[in-house]
>>> print(open('entry.txt').read())   # compact mmCIF, N, CA, C and O atoms
# COMPACT_ATOMS: atom_id res chain seq x y z
N MET A 1 -5.18 9.43 -4.24
CA MET A 1 -5.50 8.19 -3.56
C MET A 1 -4.39 7.16 -3.76
O MET A 1 -4.05 6.44 -2.85
N ARG A 2 -3.85 7.12 -4.99
CA ARG A 2 -2.81 6.15 -5.26
C ARG A 2 -1.61 6.35 -4.34
O ARG A 2 -1.00 5.40 -3.87
N ALA A 3 -1.27 7.60 -4.06
CA ALA A 3 -0.14 7.89 -3.19
C ALA A 3 -0.37 7.29 -1.81
O ALA A 3 0.56 6.77 -1.19
N PHE A 4 -1.60 7.32 -1.32
CA PHE A 4 -1.88 6.74 -0.01
C PHE A 4 -1.80 5.22 -0.05
O PHE A 4 -1.37 4.59 0.89
N TRP A 5 -2.23 4.62 -1.15
CA TRP A 5 -2.13 3.16 -1.29
C TRP A 5 -0.67 2.73 -1.30
O TRP A 5 -0.33 1.65 -0.83
N ASP A 6 0.19 3.57 -1.88
CA ASP A 6 1.59 3.21 -2.03
C ASP A 6 2.37 3.26 -0.72
O ASP A 6 3.44 2.68 -0.62
N CYS A 7 1.84 3.95 0.27
CA CYS A 7 2.50 4.01 1.57
C CYS A 7 2.25 2.73 2.35
O CYS A 7 1.23 2.08 2.18
N ASP A 8 3.16 2.41 3.21
CA ASP A 8 3.02 1.24 4.07
C ASP A 8 2.43 1.71 5.39
O ASP A 8 3.06 2.48 6.11
N TRP A 9 1.22 1.27 5.73
CA TRP A 9 0.53 1.73 6.93
C TRP A 9 0.24 0.60 7.91
O TRP A 9 -0.78 0.61 8.58
N PRO A 10 1.09 -0.39 8.05
CA PRO A 10 0.73 -1.49 8.95
C PRO A 10 0.62 -1.00 10.39
O PRO A 10 1.50 -0.31 10.89
N ASP A 11 -0.46 -1.37 11.03
CA ASP A 11 -0.69 -1.02 12.43
C ASP A 11 -0.59 0.47 12.70
O ASP A 11 -0.26 0.90 13.80
N ASN A 12 -0.80 1.29 11.69
CA ASN A 12 -0.64 2.72 11.88
C ASN A 12 -1.81 3.50 11.31
O ASN A 12 -1.64 4.51 10.65
N VAL A 13 -3.00 3.02 11.58
CA VAL A 13 -4.20 3.67 11.08
C VAL A 13 -4.35 5.07 11.68
O VAL A 13 -4.81 5.98 11.02
N ARG A 14 -3.91 5.23 12.90
CA ARG A 14 -4.01 6.53 13.56
C ARG A 14 -3.22 7.59 12.80
O ARG A 14 -3.68 8.71 12.61
N GLU A 15 -2.02 7.23 12.34
CA GLU A 15 -1.22 8.18 11.57
C GLU A 15 -1.91 8.54 10.27
O GLU A 15 -1.98 9.72 9.89
N LEU A 16 -2.44 7.56 9.57
CA LEU A 16 -3.16 7.80 8.33
C LEU A 16 -4.36 8.71 8.58
O LEU A 16 -4.57 9.68 7.85
N LYS A 17 -5.12 8.43 9.62
CA LYS A 17 -6.28 9.25 9.96
C LYS A 17 -5.87 10.70 10.24
O LYS A 17 -6.50 11.64 9.76
N ASN A 18 -4.79 10.88 10.99
CA ASN A 18 -4.32 12.22 11.31
C ASN A 18 -3.89 12.99 10.06
O ASN A 18 -4.19 14.18 9.92
N ILE A 19 -3.22 12.31 9.15
CA ILE A 19 -2.78 12.96 7.91
C ILE A 19 -3.98 13.40 7.09
O ILE A 19 -4.04 14.52 6.60
N ILE A 20 -4.96 12.52 6.95
CA ILE A 20 -6.15 12.85 6.16
C ILE A 20 -6.92 14.00 6.80
O ILE A 20 -7.34 14.94 6.11
N GLU A 21 -7.08 13.96 8.12
CA GLU A 21 -7.79 15.05 8.80
C GLU A 21 -7.05 16.37 8.61
O GLU A 21 -7.67 17.41 8.35
N ARG A 22 -5.73 16.35 8.72
CA ARG A 22 -4.94 17.57 8.55
C ARG A 22 -5.09 18.11 7.13
O ARG A 22 -5.26 19.31 6.92
N LEU A 23 -5.09 17.22 6.14
CA LEU A 23 -5.25 17.65 4.75
C LEU A 23 -6.61 18.31 4.53
O LEU A 23 -6.71 19.32 3.84
N ILE A 24 -7.64 17.73 5.12
CA ILE A 24 -8.99 18.28 4.96
C ILE A 24 -9.08 19.67 5.60
O ILE A 24 -9.61 20.61 5.00
N VAL A 25 -8.55 19.78 6.81
CA VAL A 25 -8.62 21.05 7.52
C VAL A 25 -7.82 22.13 6.80
O VAL A 25 -8.26 23.28 6.69
N LEU A 26 -6.67 21.78 6.28
CA LEU A 26 -5.79 22.77 5.66
C LEU A 26 -6.13 23.09 4.21
O LEU A 26 -5.62 24.07 3.66
N SER A 27 -6.96 22.27 3.57
CA SER A 27 -7.29 22.54 2.17
C SER A 27 -8.20 23.77 2.09
O SER A 27 -9.16 23.89 2.83
N ALA A 28 -7.86 24.67 1.20
CA ALA A 28 -8.59 25.93 1.08
C ALA A 28 -10.00 25.73 0.53
O ALA A 28 -10.96 26.31 1.00
N ASP A 29 -10.11 24.88 -0.49
CA ASP A 29 -11.40 24.73 -1.16
C ASP A 29 -11.99 23.32 -1.04
O ASP A 29 -12.95 23.00 -1.69
N GLY A 30 -11.38 22.49 -0.21
CA GLY A 30 -11.88 21.13 -0.05
C GLY A 30 -11.24 20.12 -0.99
O GLY A 30 -11.42 18.93 -0.81
N ASP A 31 -10.51 20.61 -1.99
CA ASP A 31 -9.81 19.72 -2.91
C ASP A 31 -8.39 19.49 -2.41
O ASP A 31 -7.69 20.44 -2.05
N ILE A 32 -7.98 18.24 -2.41
CA ILE A 32 -6.62 17.90 -2.00
C ILE A 32 -5.86 17.51 -3.25
O ILE A 32 -6.26 16.61 -3.99
N THR A 33 -4.76 18.19 -3.49
CA THR A 33 -3.92 17.92 -4.66
C THR A 33 -2.65 17.21 -4.23
O THR A 33 -2.29 17.22 -3.04
N PRO A 34 -1.94 16.58 -5.16
CA PRO A 34 -0.68 15.91 -4.80
C PRO A 34 0.31 16.85 -4.10
O PRO A 34 1.04 16.42 -3.22
N GLY A 35 0.27 18.13 -4.43
CA GLY A 35 1.17 19.08 -3.79
C GLY A 35 0.87 19.29 -2.31
O GLY A 35 1.73 19.74 -1.55
N ASP A 36 -0.36 18.96 -1.88
CA ASP A 36 -0.75 19.10 -0.48
C ASP A 36 -0.27 17.95 0.40
O ASP A 36 -0.29 18.07 1.62
N LEU A 37 0.14 16.87 -0.23
CA LEU A 37 0.49 15.66 0.52
C LEU A 37 1.78 15.83 1.31
O LEU A 37 2.70 16.53 0.87
N PRO A 38 1.88 15.17 2.47
CA PRO A 38 3.13 15.19 3.23
C PRO A 38 4.26 14.54 2.43
O PRO A 38 4.01 13.67 1.58
N GLU A 39 5.46 14.92 2.72
CA GLU A 39 6.62 14.42 1.97
C GLU A 39 6.71 12.89 1.99
O GLU A 39 7.03 12.28 0.98
N GLU A 40 6.43 12.26 3.13
CA GLU A 40 6.56 10.81 3.21
C GLU A 40 5.59 10.09 2.27
O GLU A 40 5.90 9.04 1.72
N VAL A 41 4.42 10.69 2.04
CA VAL A 41 3.45 10.10 1.13
C VAL A 41 3.92 10.30 -0.31
O VAL A 41 3.86 9.38 -1.13
N LYS A 42 4.41 11.49 -0.63
CA LYS A 42 4.92 11.76 -1.98
C LYS A 42 6.11 10.85 -2.30
O LYS A 42 6.20 10.30 -3.40
N GLU A 43 7.00 10.69 -1.34
CA GLU A 43 8.19 9.86 -1.56
C GLU A 43 7.81 8.40 -1.79
O GLU A 43 8.39 7.72 -2.63
N ALA A 44 6.81 7.90 -1.07
CA ALA A 44 6.35 6.52 -1.27
C ALA A 44 5.80 6.34 -2.68
O ALA A 44 6.07 5.33 -3.33
N ALA A 45 5.05 7.32 -3.17
CA ALA A 45 4.50 7.24 -4.52
C ALA A 45 5.63 7.23 -5.56
O ALA A 45 5.57 6.48 -6.53
N LEU A 46 6.66 8.04 -5.34
CA LEU A 46 7.79 8.06 -6.26
C LEU A 46 8.53 6.73 -6.26
O LEU A 46 8.93 6.22 -7.31
N ARG A 47 8.69 6.13 -5.08
CA ARG A 47 9.35 4.82 -5.00
C ARG A 47 8.54 3.78 -5.75
O ARG A 47 9.09 2.93 -6.44
N GLU A 48 7.22 3.83 -5.61
CA GLU A 48 6.37 2.87 -6.29
C GLU A 48 6.45 3.04 -7.80
O GLU A 48 6.47 2.06 -8.54
N ASP A 49 6.49 4.27 -8.28
CA ASP A 49 6.57 4.52 -9.71
C ASP A 49 7.89 4.07 -10.29
O ASP A 49 7.97 3.72 -11.47
N ALA A 50 8.94 4.05 -9.49
CA ALA A 50 10.26 3.67 -9.98
C ALA A 50 10.25 2.25 -10.55
O ALA A 50 10.93 1.96 -11.52
N GLY A 51 9.46 1.36 -9.96
CA GLY A 51 9.38 -0.01 -10.44
C GLY A 51 8.76 -0.11 -11.82
O GLY A 51 9.01 -1.06 -12.55
N MET A 52 7.97 0.88 -12.22
CA MET A 52 7.31 0.84 -13.52
C MET A 52 8.18 1.42 -14.62
O MET A 52 7.85 1.33 -15.79
N ASN A 53 9.30 2.02 -14.27
CA ASN A 53 10.13 2.68 -15.26
C ASN A 53 11.13 1.77 -15.94
O ASN A 53 11.78 2.18 -16.88
N SER A 54 11.27 0.54 -15.48
CA SER A 54 12.28 -0.33 -16.06
C SER A 54 11.89 -0.80 -17.46
O SER A 54 12.75 -1.11 -18.26
N GLY A 55 10.58 -0.87 -17.74
CA GLY A 55 10.14 -1.33 -19.05
C GLY A 55 10.07 -2.84 -19.17
O GLY A 55 9.68 -3.36 -20.20
N LEU A 56 10.46 -3.55 -18.14
CA LEU A 56 10.42 -5.01 -18.19
C LEU A 56 9.07 -5.51 -17.70
O LEU A 56 8.58 -5.08 -16.65
N LEU A 57 8.48 -6.40 -18.46
CA LEU A 57 7.18 -6.96 -18.10
C LEU A 57 7.26 -7.64 -16.73
O LEU A 57 6.36 -7.48 -15.90
N ARG A 58 8.34 -8.35 -16.47
CA ARG A 58 8.51 -9.05 -15.20
C ARG A 58 8.41 -8.06 -14.02
O ARG A 58 7.73 -8.32 -13.04
N ASP A 59 9.09 -6.93 -14.15
CA ASP A 59 9.07 -5.93 -13.08
C ASP A 59 7.69 -5.31 -12.92
O ASP A 59 7.24 -5.08 -11.80
N ALA A 60 7.02 -5.05 -14.03
CA ALA A 60 5.68 -4.47 -13.97
C ALA A 60 4.70 -5.45 -13.33
O ALA A 60 3.84 -5.06 -12.53
N MET A 61 4.84 -6.73 -13.65
CA MET A 61 3.95 -7.75 -13.08
C MET A 61 4.19 -7.90 -11.57
O MET A 61 3.23 -8.00 -10.80
N ARG A 62 5.44 -7.88 -11.16
CA ARG A 62 5.75 -7.95 -9.72
C ARG A 62 5.19 -6.73 -9.00
O ARG A 62 4.63 -6.85 -7.91
N ASP A 63 5.35 -5.57 -9.61
CA ASP A 63 4.85 -4.34 -9.00
C ASP A 63 3.32 -4.40 -8.85
O ASP A 63 2.78 -4.06 -7.81
N PHE A 64 2.64 -4.86 -9.90
CA PHE A 64 1.19 -4.98 -9.83
C PHE A 64 0.78 -5.98 -8.75
O PHE A 64 -0.11 -5.70 -7.93
N GLU A 65 1.44 -7.13 -8.72
CA GLU A 65 1.09 -8.16 -7.74
C GLU A 65 1.30 -7.64 -6.31
O GLU A 65 0.44 -7.81 -5.44
N ARG A 66 2.39 -6.95 -6.07
CA ARG A 66 2.67 -6.40 -4.75
C ARG A 66 1.60 -5.40 -4.33
O ARG A 66 1.06 -5.45 -3.23
N ARG A 67 1.25 -4.49 -5.24
CA ARG A 67 0.22 -3.50 -4.94
C ARG A 67 -1.13 -4.17 -4.70
O ARG A 67 -1.88 -3.78 -3.81
N PHE A 68 -1.45 -5.14 -5.52
CA PHE A 68 -2.73 -5.83 -5.41
C PHE A 68 -2.84 -6.55 -4.07
O PHE A 68 -3.86 -6.45 -3.37
N ILE A 69 -1.78 -7.26 -3.68
CA ILE A 69 -1.77 -7.96 -2.39
C ILE A 69 -1.95 -6.96 -1.25
O ILE A 69 -2.72 -7.19 -0.32
N ARG A 70 -1.25 -5.83 -1.33
CA ARG A 70 -1.37 -4.82 -0.27
C ARG A 70 -2.80 -4.30 -0.16
O ARG A 70 -3.32 -4.10 0.94
N ARG A 71 -3.44 -4.10 -1.28
CA ARG A 71 -4.83 -3.59 -1.25
C ARG A 71 -5.79 -4.61 -0.67
O ARG A 71 -6.64 -4.27 0.16
N VAL A 72 -5.67 -5.87 -1.09
CA VAL A 72 -6.56 -6.91 -0.57
C VAL A 72 -6.30 -7.11 0.91
O VAL A 72 -7.23 -7.25 1.71
N LEU A 73 -5.04 -7.08 1.31
CA LEU A 73 -4.68 -7.21 2.72
C LEU A 73 -5.29 -6.07 3.54
O LEU A 73 -5.84 -6.28 4.62
N ALA A 74 -5.23 -4.86 3.01
CA ALA A 74 -5.82 -3.71 3.70
C ALA A 74 -7.33 -3.86 3.78
O ALA A 74 -7.94 -3.53 4.81
N ASP A 75 -7.96 -4.36 2.71
CA ASP A 75 -9.41 -4.56 2.71
C ASP A 75 -9.84 -5.51 3.83
O ASP A 75 -10.95 -5.39 4.35
N HIS A 76 -8.96 -6.45 4.17
CA HIS A 76 -9.28 -7.44 5.21
C HIS A 76 -8.57 -7.13 6.52
O HIS A 76 -8.39 -8.03 7.36
N GLN A 77 -8.15 -5.87 6.70
CA GLN A 77 -7.52 -5.41 7.94
C GLN A 77 -6.37 -6.32 8.39
O GLN A 77 -6.21 -6.61 9.57
N GLY A 78 -5.59 -6.82 7.43
CA GLY A 78 -4.43 -7.63 7.75
C GLY A 78 -4.73 -9.10 8.01
O GLY A 78 -3.83 -9.85 8.38
N ASN A 79 -5.96 -9.53 7.82
CA ASN A 79 -6.32 -10.92 8.07
C ASN A 79 -5.77 -11.80 6.94
O ASN A 79 -6.22 -11.73 5.79
N ILE A 80 -4.79 -12.63 7.28
CA ILE A 80 -4.09 -13.46 6.29
C ILE A 80 -5.03 -14.50 5.67
O ILE A 80 -5.01 -14.71 4.46
N THR A 81 -5.84 -15.15 6.49
CA THR A 81 -6.73 -16.19 5.98
C THR A 81 -7.71 -15.63 4.95
O THR A 81 -7.89 -16.20 3.87
N LYS A 82 -8.36 -14.51 5.29
CA LYS A 82 -9.31 -13.91 4.36
C LYS A 82 -8.62 -13.39 3.11
O LYS A 82 -9.14 -13.51 2.00
N THR A 83 -7.43 -12.80 3.28
CA THR A 83 -6.69 -12.28 2.13
C THR A 83 -6.31 -13.41 1.19
O THR A 83 -6.51 -13.32 -0.02
N ALA A 84 -5.75 -14.48 1.74
CA ALA A 84 -5.36 -15.62 0.91
C ALA A 84 -6.57 -16.20 0.20
O ALA A 84 -6.50 -16.54 -0.99
N GLY A 85 -7.69 -16.28 0.90
CA GLY A 85 -8.92 -16.80 0.29
C GLY A 85 -9.37 -15.96 -0.88
O GLY A 85 -9.71 -16.49 -1.95
N GLU A 86 -9.36 -14.65 -0.71
CA GLU A 86 -9.78 -13.78 -1.81
C GLU A 86 -8.80 -13.84 -2.97
O GLU A 86 -9.21 -13.78 -4.14
N LEU A 87 -7.52 -13.98 -2.66
CA LEU A 87 -6.52 -14.07 -3.73
C LEU A 87 -6.52 -15.43 -4.40
O LEU A 87 -5.94 -15.59 -5.49
N GLY A 88 -7.13 -16.42 -3.76
CA GLY A 88 -7.16 -17.77 -4.32
C GLY A 88 -5.84 -18.51 -4.20
O GLY A 88 -5.50 -19.34 -5.05
N ILE A 89 -5.10 -18.19 -3.13
CA ILE A 89 -3.83 -18.88 -2.89
C ILE A 89 -3.79 -19.39 -1.46
O ILE A 89 -4.56 -18.95 -0.61
N ALA A 90 -2.89 -20.33 -1.19
CA ALA A 90 -2.73 -20.87 0.15
C ALA A 90 -2.09 -19.82 1.06
O ALA A 90 -1.34 -18.96 0.60
N ARG A 91 -2.38 -19.93 2.34
CA ARG A 91 -1.79 -18.99 3.31
C ARG A 91 -0.27 -19.04 3.26
O ARG A 91 0.39 -18.00 3.34
N LYS A 92 0.28 -20.24 3.14
CA LYS A 92 1.73 -20.40 3.10
C LYS A 92 2.33 -19.63 1.92
O LYS A 92 3.35 -18.96 2.05
N LYS A 93 1.65 -19.69 0.77
CA LYS A 93 2.12 -18.96 -0.40
C LYS A 93 2.01 -17.45 -0.18
O LYS A 93 2.88 -16.68 -0.58
N LEU A 94 0.92 -17.02 0.47
CA LEU A 94 0.76 -15.60 0.76
C LEU A 94 1.87 -15.12 1.69
O LEU A 94 2.45 -14.05 1.48
N TYR A 95 2.18 -15.91 2.73
CA TYR A 95 3.27 -15.52 3.64
C TYR A 95 4.58 -15.36 2.87
O TYR A 95 5.35 -14.43 3.11
N LYS A 96 4.82 -16.25 1.92
CA LYS A 96 6.05 -16.17 1.11
C LYS A 96 6.06 -14.90 0.28
O LYS A 96 7.07 -14.19 0.18
N LYS A 97 4.92 -14.57 -0.32
CA LYS A 97 4.83 -13.35 -1.13
C LYS A 97 5.01 -12.11 -0.25
O LYS A 97 5.66 -11.15 -0.66
N LEU A 98 4.42 -12.12 0.94
CA LEU A 98 4.59 -10.99 1.86
C LEU A 98 6.07 -10.80 2.20
O LEU A 98 6.57 -9.67 2.24
N GLU A 99 6.75 -11.90 2.40
CA GLU A 99 8.19 -11.84 2.68
C GLU A 99 8.96 -11.33 1.46
O GLU A 99 9.80 -10.44 1.58
N ASP A 100 8.66 -11.89 0.29
CA ASP A 100 9.36 -11.49 -0.94
C ASP A 100 9.17 -10.00 -1.26
O ASP A 100 10.10 -9.34 -1.70
N TYR A 101 7.96 -9.51 -1.04
CA TYR A 101 7.65 -8.13 -1.36
C TYR A 101 7.85 -7.18 -0.18
O TYR A 101 7.55 -5.99 -0.28
N GLU A 102 8.34 -7.73 0.92
CA GLU A 102 8.60 -6.93 2.12
C GLU A 102 7.37 -6.18 2.58
O GLU A 102 7.42 -4.98 2.89
N ILE A 103 6.24 -6.88 2.59
CA ILE A 103 4.98 -6.30 3.03
C ILE A 103 4.79 -6.71 4.49
O ILE A 103 4.80 -7.90 4.81
N ARG A 104 4.62 -5.72 5.34
CA ARG A 104 4.38 -5.98 6.75
C ARG A 104 2.89 -5.94 7.03
O ARG A 104 2.18 -5.14 6.41
N CYS A 105 2.43 -6.78 7.92
CA CYS A 105 1.02 -6.77 8.27
C CYS A 105 0.84 -7.24 9.70
O CYS A 105 1.79 -7.69 10.34
N ARG A 106 -0.39 -7.17 10.16
CA ARG A 106 -0.70 -7.59 11.51
C ARG A 106 -0.92 -9.09 11.60
O ARG A 106 -1.10 -9.60 12.67
N GLY A 107 -0.94 -9.78 10.46
CA GLY A 107 -1.29 -11.19 10.43
C GLY A 107 -0.38 -12.13 11.07
O GLY A 107 0.41 -12.10 11.86
>>> encode(input="entry.txt", output="structure tokens")
Amino acid sequence: MRAFWDCDWPDNVRELKNIIERLIVLSADGDITPGDLPEEVKEAALREDAGMNSGLLRDAMRDFERRFIRRVLADHQGNITKTAGELGIARKKLYKKLEDYEIRCRG
């Protein structure tokens, strides 16, 4: 699941749905393992893990904040107002964070 969270899926729910359906159909016993994932999903997970390898608290905190924002944004289907509200920050600040973390959304 983490590998899927680490991928950037803005405006591309259809692609995500197709990948998940393909994994389900092709899985022999119904279990999906990391080895079953498409290369682009595996590569995204590796890129995300790279930020945790520096050992610096600052980098780990930025990585956590970026992932957290992406999850809340996904929960609200890209709605900036709702995301900012749940995060407890102003929309302007959220837009700045989206820019800083290179997070694309429909908002």
>>> atom_distance(input="entry.txt", atom1="atom O of Glu86 in chain A", atom2="CA of Ala74 in chain A")
13.2 Å
>>> atom_distance(input="entry.txt", atom1="atom N of Leu73 in chain A", atom2="atom N of Asp31 in chain A")
28.4 Å
>>> atom_distance(input="entry.txt", atom1="atom O of Lys96 in chain A", atom2="atom C of Glu43 in chain A")
22.7 Å
>>> axis_aligned_box(input="entry.txt", around="range 79-95 of chain A", padding_each_side="8 Å", output="JSON")
{"center_x": -2.2, "center_y": -15.2, "center_z": 1.3, "size_x": 31.1, "size_y": 27.3, "size_z": 29.6}
>>> closest_residue(input="entry.txt", among="A:Lys97, A:Arg14, A:Arg104, A:Lys82", to="Glu65 in chain A", atoms="only N, CA, C and O atoms")
A:Lys97
>>> build_atoms(input="entry.txt", residues="range 23-33 of chain A", atoms="all heavy atoms", output="short mmCIF file (atom, residue, chain, number, x, y, z; two decimals), keeping the file's coordinate frame")
data_model
loop_
_atom_site.label_atom_id
_atom_site.label_comp_id
_atom_site.auth_asym_id
_atom_site.auth_seq_id
_atom_site.Cartn_x
_atom_site.Cartn_y
_atom_site.Cartn_z
N LEU A 23 -5.09 17.22 6.14
CA LEU A 23 -5.25 17.65 4.75
C LEU A 23 -6.61 18.31 4.53
O LEU A 23 -6.71 19.32 3.84
CB LEU A 23 -5.08 16.47 3.80
CG LEU A 23 -3.65 15.95 3.63
CD1 LEU A 23 -3.65 14.63 2.87
CD2 LEU A 23 -2.79 16.98 2.92
N ILE A 24 -7.64 17.73 5.12
CA ILE A 24 -8.99 18.28 4.96
C ILE A 24 -9.08 19.67 5.60
O ILE A 24 -9.61 20.61 5.00
CB ILE A 24 -10.05 17.32 5.55
CG1 ILE A 24 -10.13 16.05 4.70
CG2 ILE A 24 -11.41 18.00 5.65
CD1 ILE A 24 -10.93 14.93 5.32
N VAL A 25 -8.55 19.78 6.81
CA VAL A 25 -8.62 21.05 7.52
C VAL A 25 -7.82 22.13 6.80
O VAL A 25 -8.26 23.28 6.69
CB VAL A 25 -8.11 20.88 8.98
CG1 VAL A 25 -7.92 22.22 9.65
CG2 VAL A 25 -9.09 20.02 9.77
N LEU A 26 -6.67 21.78 6.28
CA LEU A 26 -5.79 22.77 5.66
C LEU A 26 -6.13 23.09 4.21
O LEU A 26 -5.62 24.07 3.66
CB LEU A 26 -4.33 22.33 5.77
CG LEU A 26 -3.78 22.22 7.19
CD1 LEU A 26 -2.36 21.68 7.17
CD2 LEU A 26 -3.84 23.55 7.91
N SER A 27 -6.96 22.27 3.57
CA SER A 27 -7.29 22.54 2.17
C SER A 27 -8.20 23.77 2.09
O SER A 27 -9.16 23.89 2.83
CB SER A 27 -7.96 21.33 1.52
OG SER A 27 -9.23 21.12 2.07
N ALA A 28 -7.86 24.67 1.20
CA ALA A 28 -8.59 25.93 1.08
C ALA A 28 -10.00 25.73 0.53
O ALA A 28 -10.96 26.31 1.00
CB ALA A 28 -7.81 26.90 0.20
N ASP A 29 -10.11 24.88 -0.49
CA ASP A 29 -11.40 24.73 -1.16
C ASP A 29 -11.99 23.32 -1.04
O ASP A 29 -12.95 23.00 -1.69
CB ASP A 29 -11.27 25.11 -2.63
CG ASP A 29 -10.21 24.28 -3.35
OD1 ASP A 29 -9.63 23.37 -2.71
OD2 ASP A 29 -9.98 24.55 -4.54
N GLY A 30 -11.38 22.49 -0.21
CA GLY A 30 -11.88 21.13 -0.05
C GLY A 30 -11.24 20.12 -0.99
O GLY A 30 -11.42 18.93 -0.81
N ASP A 31 -10.51 20.61 -1.99
CA ASP A 31 -9.81 19.72 -2.91
C ASP A 31 -8.39 19.49 -2.41
O ASP A 31 -7.69 20.44 -2.05
CB ASP A 31 -9.75 20.30 -4.32
CG ASP A 31 -11.12 20.33 -4.98
OD1 ASP A 31 -11.95 19.47 -4.63
OD2 ASP A 31 -11.34 21.20 -5.84
N ILE A 32 -7.98 18.24 -2.41
CA ILE A 32 -6.62 17.90 -2.00
C ILE A 32 -5.86 17.51 -3.25
O ILE A 32 -6.26 16.61 -3.99
CB ILE A 32 -6.63 16.75 -0.99
CG1 ILE A 32 -7.39 17.18 0.28
CG2 ILE A 32 -5.21 16.32 -0.65
CD1 ILE A 32 -7.68 16.06 1.23
N THR A 33 -4.76 18.19 -3.49
CA THR A 33 -3.92 17.92 -4.66
C THR A 33 -2.65 17.21 -4.23
O THR A 33 -2.29 17.22 -3.04
CB THR A 33 -3.55 19.24 -5.37
OG1 THR A 33 -2.70 20.00 -4.49
CG2 THR A 33 -4.79 20.05 -5.73
#
